[in-house]
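K.L.:
One structure is given below, represented as structure tokens, and several questions about it will come after.
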Amino acid sequence: MIVARALTKHYRKTVAVHDLSFEVPPGVVTGFLGPNGSGKSTTMRMIMGLDSPTSGSALVNGRTYAELGWPLREVGALLDAKAFHPGRSAFDHLRYLARANDIPLRRVDEVLEAVGLTSVARQRAGKYSLGMGQRLGIASALLGDPGVLIFDEPVNGLDPEGIRWVRGLLQGLAAEGRTVFVSSHLITEMSMTAQRLVVIGRGKLIAETTVDEFTAQSAGKVVRVVTPNASSFVSALREIGAKVTVDQDGAVVVDGLSSADVGRFAAHRSFTLFELTPIRASLEDAFMELTRDAVEFRADGRPIALAASSGPYREEKS
Amino acid sequence: MTNIAAMESPRSRYTMRHVVRAELTKLTSLRSTIWMLLVTVAGSVVVTILSTNSVTHHDPAWYQGFDPTNQAMGGLVLAVLTVGILGALAATGEYGSGTIRASLAATPRRRLFLAGKAVVVGGIVLVVGEVLTFVCFGVGQAILGSGGAPTASLGQPGVLQALLLSGAFLALLALMGLGLGMLMRHTAGAISAYVAVTFLIPVLLNRLPSNPARFTPVPILANSIAAVVRNPGQVSIGLGMLLMLLYCGTALALAAFSIVGRDA
Ligand SMILES: Nc1ncnc2c1ncn2[C@@H]1O[C@H](COP(=O)(O)OP(=O)(O)OP(=O)(O)O)[C@@H](O)[C@H]1O
Ligand SMILES: [Mg+2]
């Protein structure tokens, strides 16, 4: 369980996090979502006791991080920047962490095996690729078999297979009853991994919700229809009060009705349909809508910094 | 998977012992540490060979007031530099690489963390420093003896003390480097500050009346701690050690003061 209470962090002139309160319960993956620069990493560093809050507090299992008796056995974290020395091997890195918290050394081999680094464990970490470094970070987080896990952009630098592996790992950890808090600026990634969401923008809480709620609320129902009788189908739909537009390619786009409703309506009125496509909730649009006023960087008054719409893993979305 | 939670006794927590064990693993698992220690020993012995060899085969009169022990400690000048860098790197290497975040996640009580680091850095350099002073002494006396120069032996008054304190002095210098490294966090800055304190400031102070340079670390080591024949105008052994403890303590105290509350 992680609890943030009125967490606030100022860096000189920058307000990185402002009056942020939320809870991360055990047993589910909680996504921490926000555009670039919205304060996700800062918040996580404060939970870890690395940065001290200007005001407010963050508690892990009811205590501040510094009060934990065996921190690595209670909290495991992968933070955004790499946290290992290029001259030290993965094995030695994990070995020193194990010694610090009296964790049996066989755990080092176990987590190396779990993240697939066993064969390169004795090599200097400076030679590791971005993805291997990320795996070492995940191994460090898992080392103490902690009940609380914090991951800052864990899929960064991972290939599609690695991404799938991380998703499974996070969900597995949550299913074991652990508290899993994972940040991302990619709503699509979160929708596939998390059940709960803490959404922030400009360091402030925007929503504390579930992925299902978020999708249902903000996405609406949009159905794309291709029919040879487009114009009469449009008028028929308008007669019953539906919001309809026609795409450039002639497809009819119905807003506010489910595909089942549209299909039934078409059958009832004997329209021939060539195509009936529920347009999957555009989570990115929803996310951008939600954080529009809270986006850090803008050009021409439009949010541009949302990697959500141009991230490298777009092909991964369903 | 191993069930670690089940092994945990209630209310227990990590202690100095765990921090020390982790720091020992951390320091010895870096090649740079091993290299710095090798350079310290090999380099110092070479400098001692050169410095003792340069004073052989003189007339007996030339050796009036000659201090064979001090001559053999000539190599420590190099060790002063390398142990300071070693201490500084023990801190700046963590900040530079981001390891500090992993370390503080494991041991968030920062002063305990710093103390553990100091124990390990100080301990390693103390052992290496003591070995080094005795090796330098042995090598130096052998060269002096074979070159017809007067030699010293461990049994002579003040010799053993000079060797033991010189080794300890190196450990204090390494801790001063550690303190500066923790304060400055950047390798270049910390090493510059260390070199300034040890080598630059004495050179500048040398020109001033009453020679205040003798109160700085390197002259204290070279002229008071590593000397058996007492020179007028140099600080006493007691005052010298006290001053060095003060310098080292100040650097560590500032580091301990600044490490708490500062964003890692
Ligand atoms: N150490 C620091 N010193 C000064 N400003 C900082 C520091 N760390 C973060 N900031 C500022 O605080 C704000 C929040 O940054 P943070 O890294 O927490 O965002 P983020 O949500 O993790 O972004 P991203 O998605 O890009 O990782 C930004 O404006 C950033 O410039
Ligand atoms: Mg970040």
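Chain labels follow the order of the structure tokens: the first chain is A, the next B, and so on; residue numbering restarts at 1 in every chain, and ligands are counted from 1 in their shown order.
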How would you write, as a VMD selection string, the set of residues no farther than 10 Å from ligand 1 when counting only C-alpha atoms and all ligand atoms?

P.N.:
(chain A and resid 9 to 17 32 to 46 51 79 to 81 152 to 153 183 to 186 200 to 203 296 to 297 305 to 307) or (chain B and resid 263 to 264)

K.L.:
If you count only C-alpha atoms, which residues fall within 12 Å of Ala242 of chain A, apart from same-chain ones fewer than 4 positions away, as a ChimeraX atom specification?

P.N.:
/A:221-223,233-238,252-258,261-262,265

K.L.:
Taking only residues of chain A that have an atom at most 6 Å from an atom of chain B, what is each one's shortest atom pair and its distance in Å to one decimal, using only C-alpha atoms, in chain and number order, as JSON lines?

P.N.:
```
{"residue": "A:Leu50", "atom": "CA", "partner": "B:Ala264", "partner_atom": "CA", "distance": 5.3}
{"residue": "A:Asp51", "atom": "CA", "partner": "B:Asp263", "partner_atom": "CA", "distance": 4.3}
{"residue": "A:Ala66", "atom": "CA", "partner": "B:Pro108", "partner_atom": "CA", "distance": 5.1}
{"residue": "A:Gly69", "atom": "CA", "partner": "B:Arg13", "partner_atom": "CA", "distance": 4.0}
{"residue": "A:Trp70", "atom": "CA", "partner": "B:Arg13", "partner_atom": "CA", "distance": 5.6}
{"residue": "A:Pro71", "atom": "CA", "partner": "B:Ala106", "partner_atom": "CA", "distance": 5.7}
{"residue": "A:Leu72", "atom": "CA", "partner": "B:Ala106", "partner_atom": "CA", "distance": 5.6}
{"residue": "A:Ala83", "atom": "CA", "partner": "B:Gly98", "partner_atom": "CA", "distance": 4.3}
{"residue": "A:Phe84", "atom": "CA", "partner": "B:Thr99", "partner_atom": "CA", "distance": 4.4}
{"residue": "A:His85", "atom": "CA", "partner": "B:Ser97", "partner_atom": "CA", "distance": 5.2}
{"residue": "A:Arg88", "atom": "CA", "partner": "B:Leu30", "partner_atom": "CA", "distance": 5.7}
{"residue": "A:Tyr96", "atom": "CA", "partner": "B:Ala22", "partner_atom": "CA", "distance": 4.6}
{"residue": "A:Arg99", "atom": "CA", "partner": "B:Ala22", "partner_atom": "CA", "distance": 5.1}
{"residue": "A:Ala100", "atom": "CA", "partner": "B:His18", "partner_atom": "CA", "distance": 4.8}
```

K.L.:
Could you tell me which of A:Val246, A:Val155, A:Leu105, A:Val148 comes closest to Glu176 of chain A if we count only C-alpha atoms?

P.N.:
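Comparing A:Val246, A:Val155, A:Leu105, A:Val148 against Glu176 of chain A, the winner is A:Val148.
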
K.L.:
What does the distance between atom CA of Leu180 of chain B and atom CA of Asn206 of chain B come to in Å, to one decimal place?

P.N.:
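Between atom CA of Leu180 of chain B and atom CA of Asn206 of chain B the gap is 23.7 Å.
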
K.L.:
Which residues come within 6 Å of segment 235-248 of chain B, counting only C-alpha atoms, excluding same-chain residues fewer than 4 positions away, as a PyMOL selection string?

P.N.:
chain B and resi 176+220+224-225

K.L.:
Print the selection's residues with N, CA and C atoms to a file, as a PDB file, in the first residue's frame.

P.N.:
```pdb
ATOM      1  N   MET B 176      39.223  12.160   3.899  1.00  0.00           N
ATOM      2  CA  MET B 176      39.022  13.551   3.494  1.00  0.00           C
ATOM      3  C   MET B 176      38.537  13.581   2.046  1.00  0.00           C
ATOM      4  N   ILE B 220      52.672  18.147   6.850  1.00  0.00           N
ATOM      5  CA  ILE B 220      52.574  17.460   8.146  1.00  0.00           C
ATOM      6  C   ILE B 220      53.066  16.027   7.992  1.00  0.00           C
ATOM      7  N   SER B 224      56.641  15.836   9.610  1.00  0.00           N
ATOM      8  CA  SER B 224      56.412  15.527  11.021  1.00  0.00           C
ATOM      9  C   SER B 224      56.095  14.052  11.249  1.00  0.00           C
ATOM     10  N   ILE B 225      55.083  13.540  10.573  1.00  0.00           N
ATOM     11  CA  ILE B 225      54.606  12.176  10.850  1.00  0.00           C
ATOM     12  C   ILE B 225      55.600  11.129  10.354  1.00  0.00           C
TER      13      ILE B 225
END
```

K.L.:
Looking only at the backbone, which of the residues in segment 240-291 of chain A does DSSP tag as strand (DSSP E), as a ChimeraX atom specification?

P.N.:
/A:243-246,252-255,275-279

K.L.:
Find the residues around Pro157 of chain B up to 10 Å (only C-alpha atoms counted), leave out those fewer than 5 positions away in its own chain, and share them as a list in words.

P.N.:
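So, after excluding close chain neighbours, the residues are Ala152, Ala162 and Val228 of chain B.
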
K.L.:
Could you pull the residues within 7 Å of Ala139 of chain A, counting only C-alpha atoms, minus those fewer than 2 positions along the same chain, as a list in words?

P.N.:
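These residues fall inside the cut-off: Val111, Leu112, Val115, Arg135, Leu136, Gly137, Ala141, Leu142 and Leu143 of chain A.
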
K.L.:
Hey, can you spit out that residue selection with N, CA and C atoms as a short mmCIF file (atom, residue, chain, number, x, y, z; two decimals), in the first residue's frame?

P.N.:
```cif
data_model
loop_
_atom_site.label_atom_id
_atom_site.label_comp_id
_atom_site.auth_asym_id
_atom_site.auth_seq_id
_atom_site.Cartn_x
_atom_site.Cartn_y
_atom_site.Cartn_z
N VAL A 111 16.84 -14.01 -9.32
CA VAL A 111 16.30 -12.88 -10.08
C VAL A 111 17.03 -12.69 -11.41
N LEU A 112 18.31 -13.03 -11.45
CA LEU A 112 19.03 -12.95 -12.72
C LEU A 112 18.39 -13.91 -13.72
N VAL A 115 14.94 -12.55 -14.97
CA VAL A 115 14.94 -11.49 -15.98
C VAL A 115 15.76 -11.88 -17.21
N ARG A 135 16.40 -4.62 -17.62
CA ARG A 135 16.19 -5.92 -16.97
C ARG A 135 16.96 -6.00 -15.65
N LEU A 136 18.16 -5.41 -15.64
CA LEU A 136 18.92 -5.39 -14.38
C LEU A 136 18.17 -4.58 -13.33
N GLY A 137 17.58 -3.45 -13.78
CA GLY A 137 16.78 -2.64 -12.86
C GLY A 137 15.61 -3.43 -12.31
N ALA A 141 14.73 -4.65 -8.44
CA ALA A 141 13.44 -4.41 -7.79
C ALA A 141 12.88 -5.70 -7.18
N LEU A 142 13.11 -6.82 -7.88
CA LEU A 142 12.53 -8.09 -7.42
C LEU A 142 13.38 -8.76 -6.34
N LEU A 143 14.62 -8.28 -6.17
CA LEU A 143 15.62 -8.97 -5.34
C LEU A 143 15.10 -9.35 -3.96
#
```

K.L.:
DSSP on the backbone, alpha helix (DSSP H) only: what residues of segment 44-162 of chain A does that give? Format it as a PyMOL selection string.

P.N.:
chain A and resi 44-47+71-74+90-100+106-115+130-142+160-162

K.L.:
Determine, counting only C-alpha atoms, which protein, DNA and RNA residues have an atom within 8 Å of an atom of segment 53-67 of chain B; residues of the same chain fewer than 6 positions away are not included. Present the result as number ranges by chain.

P.N.:
B: 143-144, 147-150, 227-229
